Amino acid sequence: MMWKQNFTSLQTIVRREWIRIIRIWVQTLIPPVITMALYFLIFGELVGRQIGKIGDFTYIEFIVPGLIMMSVITNSYNNVVSSFFSSKFQKNIEELLVSPTSPYTIVIGYTFGGVVRGLFVGALVTLTSLFFTNLRFHNPFVILFTVLMTSILFSLGGFFNALFAKKFDDVTIIPTFILTPLTYLGGVFYSVSNLPVFWQTVSYCNPILYMVNLFRYGFIGVTDVNLYFSFGFIILLSSLLFYINVRLMKTGYGIRN
């Protein structure tokens, strides 16, 4: 019977996250679409005309996959960190802690919520990009795998952040000072091969570089990194974060006084 109780809990958490996303859709869905549309217009159209082509592709064709991935990363992370921290702050999390719900179910449930928002926003941004360029689909499997695993990874990252957050300011520290710089320096707007050797080496230490390039390969068949290493890297990071989050939940870190 325990698995049935946990499955019901999982459904409830995911349903609540979905309702939350839809209820405040003006805050959760519209802003990232408008922001990415401005990126497409300013960088893709205006700046792209000055840059010309990168290899065999126009500049906007080159940056669109990275911008879609940027929206997925940001929204997956923000959904979980804000939702779980709000549950901590409002003491709603205590209802889950006193129920038979396992730590695994709680982590998976909130992660699913982040994935739902990340993929939803990613789909909307992809549709928006069609107003600015024609998308190519070199390898749909790579596209689906990368966007799903990246969304899972950063949803887990948001959960990790929320566990350690003690006040609302703590929720914004990692996105502002770590996530945003890594995203902009992750090869979204440029090819790492065009950088000096030293900065290429530095760039390869950025995990987001592998996700952006893997996703870009799925669309246009071009990448600056090894595909198999990137696959394994994303899976390894996701598994590690999941394990850490579950362990922290079991010890009650950040959720029990």
# chains A, B, ... in the order shown; residues from 1 in each chain; ligands from 1
$ closest_atom_pairs --of "segment 29-99 of chain A" --to "segment 125-128 of chain A" --cutoff "12 Å" --atoms "only C-alpha atoms" --output "JSON lines"
{"residue": "A:Leu29", "atom": "CA", "partner": "A:Val125", "partner_atom": "CA", "distance": 9.7}
{"residue": "A:Ile30", "atom": "CA", "partner": "A:Val125", "partner_atom": "CA", "distance": 9.9}
{"residue": "A:Pro31", "atom": "CA", "partner": "A:Val125", "partner_atom": "CA", "distance": 10.7}
{"residue": "A:Pro32", "atom": "CA", "partner": "A:Val125", "partner_atom": "CA", "distance": 7.8}
{"residue": "A:Val33", "atom": "CA", "partner": "A:Val125", "partner_atom": "CA", "distance": 5.5}
{"residue": "A:Ile34", "atom": "CA", "partner": "A:Val125", "partner_atom": "CA", "distance": 8.7}
{"residue": "A:Thr35", "atom": "CA", "partner": "A:Val125", "partner_atom": "CA", "distance": 9.4}
{"residue": "A:Met36", "atom": "CA", "partner": "A:Val125", "partner_atom": "CA", "distance": 6.7}
{"residue": "A:Ala37", "atom": "CA", "partner": "A:Thr128", "partner_atom": "CA", "distance": 6.7}
{"residue": "A:Leu38", "atom": "CA", "partner": "A:Thr128", "partner_atom": "CA", "distance": 10.5}
{"residue": "A:Tyr39", "atom": "CA", "partner": "A:Val125", "partner_atom": "CA", "distance": 10.8}
{"residue": "A:Phe40", "atom": "CA", "partner": "A:Thr128", "partner_atom": "CA", "distance": 9.0}
{"residue": "A:Leu41", "atom": "CA", "partner": "A:Thr128", "partner_atom": "CA", "distance": 10.9}
{"residue": "A:Glu61", "atom": "CA", "partner": "A:Thr126", "partner_atom": "CA", "distance": 12.0}
{"residue": "A:Val64", "atom": "CA", "partner": "A:Thr126", "partner_atom": "CA", "distance": 8.3}
{"residue": "A:Pro65", "atom": "CA", "partner": "A:Thr126", "partner_atom": "CA", "distance": 8.5}
{"residue": "A:Gly66", "atom": "CA", "partner": "A:Thr126", "partner_atom": "CA", "distance": 10.9}
{"residue": "A:Leu67", "atom": "CA", "partner": "A:Val125", "partner_atom": "CA", "distance": 8.4}
{"residue": "A:Ile68", "atom": "CA", "partner": "A:Val125", "partner_atom": "CA", "distance": 6.2}
{"residue": "A:Met69", "atom": "CA", "partner": "A:Val125", "partner_atom": "CA", "distance": 9.5}
{"residue": "A:Met70", "atom": "CA", "partner": "A:Val125", "partner_atom": "CA", "distance": 10.2}
{"residue": "A:Ser71", "atom": "CA", "partner": "A:Val125", "partner_atom": "CA", "distance": 7.7}
{"residue": "A:Val72", "atom": "CA", "partner": "A:Val125", "partner_atom": "CA", "distance": 9.2}
{"residue": "A:Asn75", "atom": "CA", "partner": "A:Val125", "partner_atom": "CA", "distance": 11.7}
$ residues_around --residues "Gly221 of chain A" --least-positions-apart "3" --cutoff "9 Å" --atoms "only C-alpha atoms" --output "number ranges by chain"
A: 137-139, 216-218
$ write_last_selection --atoms "C-alpha atoms" --output "PDB file, in the first residue's frame"
ATOM      1  CA  PHE A 137      15.934  19.450 -36.949  1.00  0.00           C
ATOM      2  CA  HIS A 138      19.122  17.472 -37.434  1.00  0.00           C
ATOM      3  CA  ASN A 139      18.512  14.893 -34.682  1.00  0.00           C
ATOM      4  CA  ARG A 216      22.477  22.940 -30.826  1.00  0.00           C
ATOM      5  CA  TYR A 217      23.734  19.740 -32.420  1.00  0.00           C
ATOM      6  CA  GLY A 218      20.192  18.390 -32.356  1.00  0.00           C
TER       7      GLY A 218
END
$ closest_atom_pairs --of "segment 79-115 of chain A" --to "segment 144-151 of chain A" --cutoff "9 Å" --atoms "only C-alpha atoms" --output "tab-separated table"
residue	atom	partner	partner_atom	distance
A:Thr111	CA	A:Ser151	CA	8.7
A:Gly114	CA	A:Ser151	CA	7.2
A:Val115	CA	A:Ser151	CA	5.2
$ select_by_dssp --residues "segment 11-257 of chain A" --states "alpha helix (DSSP H)" --output "PyMOL selection string"
chain A and resi 11-23+25-28+30-39+48-51+59-89+93-97+103-129+140-164+168-174+180-184+197-203+207-220+227-251
$ residues_around --residues "segment 159-174 of chain A" --least-positions-apart "2" --cutoff "6 Å" --atoms "only C-alpha atoms" --output "mmCIF file with all heavy atoms, in the first residue's frame"
data_model
loop_
_atom_site.group_PDB
_atom_site.id
_atom_site.type_symbol
_atom_site.label_atom_id
_atom_site.label_comp_id
_atom_site.auth_asym_id
_atom_site.auth_seq_id
_atom_site.Cartn_x
_atom_site.Cartn_y
_atom_site.Cartn_z
ATOM 1 N N VAL A 80 11.224 25.536 -9.199
ATOM 2 C CA VAL A 80 11.402 24.670 -8.032
ATOM 3 C C VAL A 80 11.905 25.451 -6.829
ATOM 4 O O VAL A 80 11.410 25.275 -5.708
ATOM 5 C CB VAL A 80 12.368 23.506 -8.354
ATOM 6 C CG1 VAL A 80 12.567 22.619 -7.131
ATOM 7 C CG2 VAL A 80 11.827 22.673 -9.499
ATOM 8 N N VAL A 81 12.883 26.327 -7.045
ATOM 9 C CA VAL A 81 13.447 27.043 -5.903
ATOM 10 C C VAL A 81 12.401 27.949 -5.255
ATOM 11 O O VAL A 81 12.307 28.044 -4.024
ATOM 12 C CB VAL A 81 14.702 27.850 -6.314
ATOM 13 C CG1 VAL A 81 14.355 29.042 -7.193
ATOM 14 C CG2 VAL A 81 15.457 28.332 -5.077
ATOM 15 N N PHE A 85 10.748 26.719 -1.608
ATOM 16 C CA PHE A 85 11.056 27.646 -0.524
ATOM 17 C C PHE A 85 9.777 28.273 0.038
ATOM 18 O O PHE A 85 9.666 28.487 1.248
ATOM 19 C CB PHE A 85 11.999 28.757 -0.991
ATOM 20 C CG PHE A 85 12.325 29.739 0.096
ATOM 21 C CD1 PHE A 85 13.224 29.414 1.096
ATOM 22 C CD2 PHE A 85 11.694 30.982 0.147
ATOM 23 C CE1 PHE A 85 13.515 30.304 2.124
ATOM 24 C CE2 PHE A 85 11.976 31.871 1.170
ATOM 25 C CZ PHE A 85 12.880 31.542 2.158
ATOM 26 N N LEU A 156 16.415 19.964 -10.150
ATOM 27 C CA LEU A 156 17.090 19.421 -8.974
ATOM 28 C C LEU A 156 18.004 20.466 -8.340
ATOM 29 O O LEU A 156 18.124 20.545 -7.114
ATOM 30 C CB LEU A 156 17.897 18.179 -9.354
ATOM 31 C CG LEU A 156 17.082 16.933 -9.728
ATOM 32 C CD1 LEU A 156 17.974 15.885 -10.396
ATOM 33 C CD2 LEU A 156 16.413 16.341 -8.482
ATOM 34 N N GLY A 157 18.643 21.277 -9.175
ATOM 35 C CA GLY A 157 19.479 22.359 -8.664
ATOM 36 C C GLY A 157 18.655 23.383 -7.898
ATOM 37 O O GLY A 157 19.087 23.891 -6.861
ATOM 38 N N THR A 176 21.508 34.661 -9.719
ATOM 39 C CA THR A 176 22.093 35.946 -10.111
ATOM 40 C C THR A 176 23.604 35.866 -10.301
ATOM 41 O O THR A 176 24.131 36.356 -11.313
ATOM 42 C CB THR A 176 21.772 37.021 -9.055
ATOM 43 O OG1 THR A 176 20.351 37.142 -8.913
ATOM 44 C CG2 THR A 176 22.354 38.372 -9.470
ATOM 45 N N PHE A 177 24.291 35.253 -9.364
ATOM 46 C CA PHE A 177 25.752 35.306 -9.367
ATOM 47 C C PHE A 177 26.429 34.065 -9.947
ATOM 48 O O PHE A 177 27.631 34.082 -10.210
ATOM 49 C CB PHE A 177 26.271 35.542 -7.941
ATOM 50 C CG PHE A 177 25.863 36.872 -7.375
ATOM 51 C CD1 PHE A 177 24.837 36.958 -6.453
ATOM 52 C CD2 PHE A 177 26.493 38.039 -7.782
ATOM 53 C CE1 PHE A 177 24.447 38.180 -5.928
ATOM 54 C CE2 PHE A 177 26.115 39.272 -7.277
ATOM 55 C CZ PHE A 177 25.081 39.356 -6.352
ATOM 56 N N ILE A 178 25.687 32.990 -10.136
ATOM 57 C CA ILE A 178 26.289 31.770 -10.693
ATOM 58 C C ILE A 178 25.593 31.337 -11.977
ATOM 59 O O ILE A 178 26.238 31.205 -13.029
ATOM 60 C CB ILE A 178 26.242 30.621 -9.655
ATOM 61 C CG1 ILE A 178 27.056 31.004 -8.415
ATOM 62 C CG2 ILE A 178 26.777 29.325 -10.280
ATOM 63 C CD1 ILE A 178 27.038 29.953 -7.320
ATOM 64 N N GLY A 254 17.444 21.855 6.539
ATOM 65 C CA GLY A 254 16.783 23.020 5.981
ATOM 66 C C GLY A 254 15.278 23.013 6.084
ATOM 67 O O GLY A 254 14.623 24.002 5.706
#
$ residues_around --residues "Thr223 of chain A" --least-positions-apart "5" --cutoff "9 Å" --atoms "only C-alpha atoms" --output "list in words"
Ser191, Tyr210, Val212, Asn213, Leu214, Phe215, Arg216 and Tyr217 of chain A
$ residues_around --residues "Phe229 of chain A" --least-positions-apart "3" --cutoff "12 Å" --atoms "only C-alpha atoms" --output "PyMOL selection string"
chain A and resi 204+207+210-211+213-214+224-226+232-236
$ residues_around --residues "Ile54 of chain A" --least-positions-apart "2" --cutoff "12 Å" --atoms "only C-alpha atoms" --output "count of residues only"
21
$ closest_residue --among "A:Thr28, A:Val98, A:Val116, A:Ile73" --to "Arg15 of chain A" --atoms "only C-alpha atoms"
A:Val116
$ atom_distance --atom1 "atom CA of Phe141 of chain A" --atom2 "atom CA of Phe219 of chain A"
10.3 Å
$ closest_residue --among "A:Ile108, A:Thr251, A:Lys4, A:Leu119" --to "Ser238 of chain A" --atoms "only C-alpha atoms"
A:Ile108
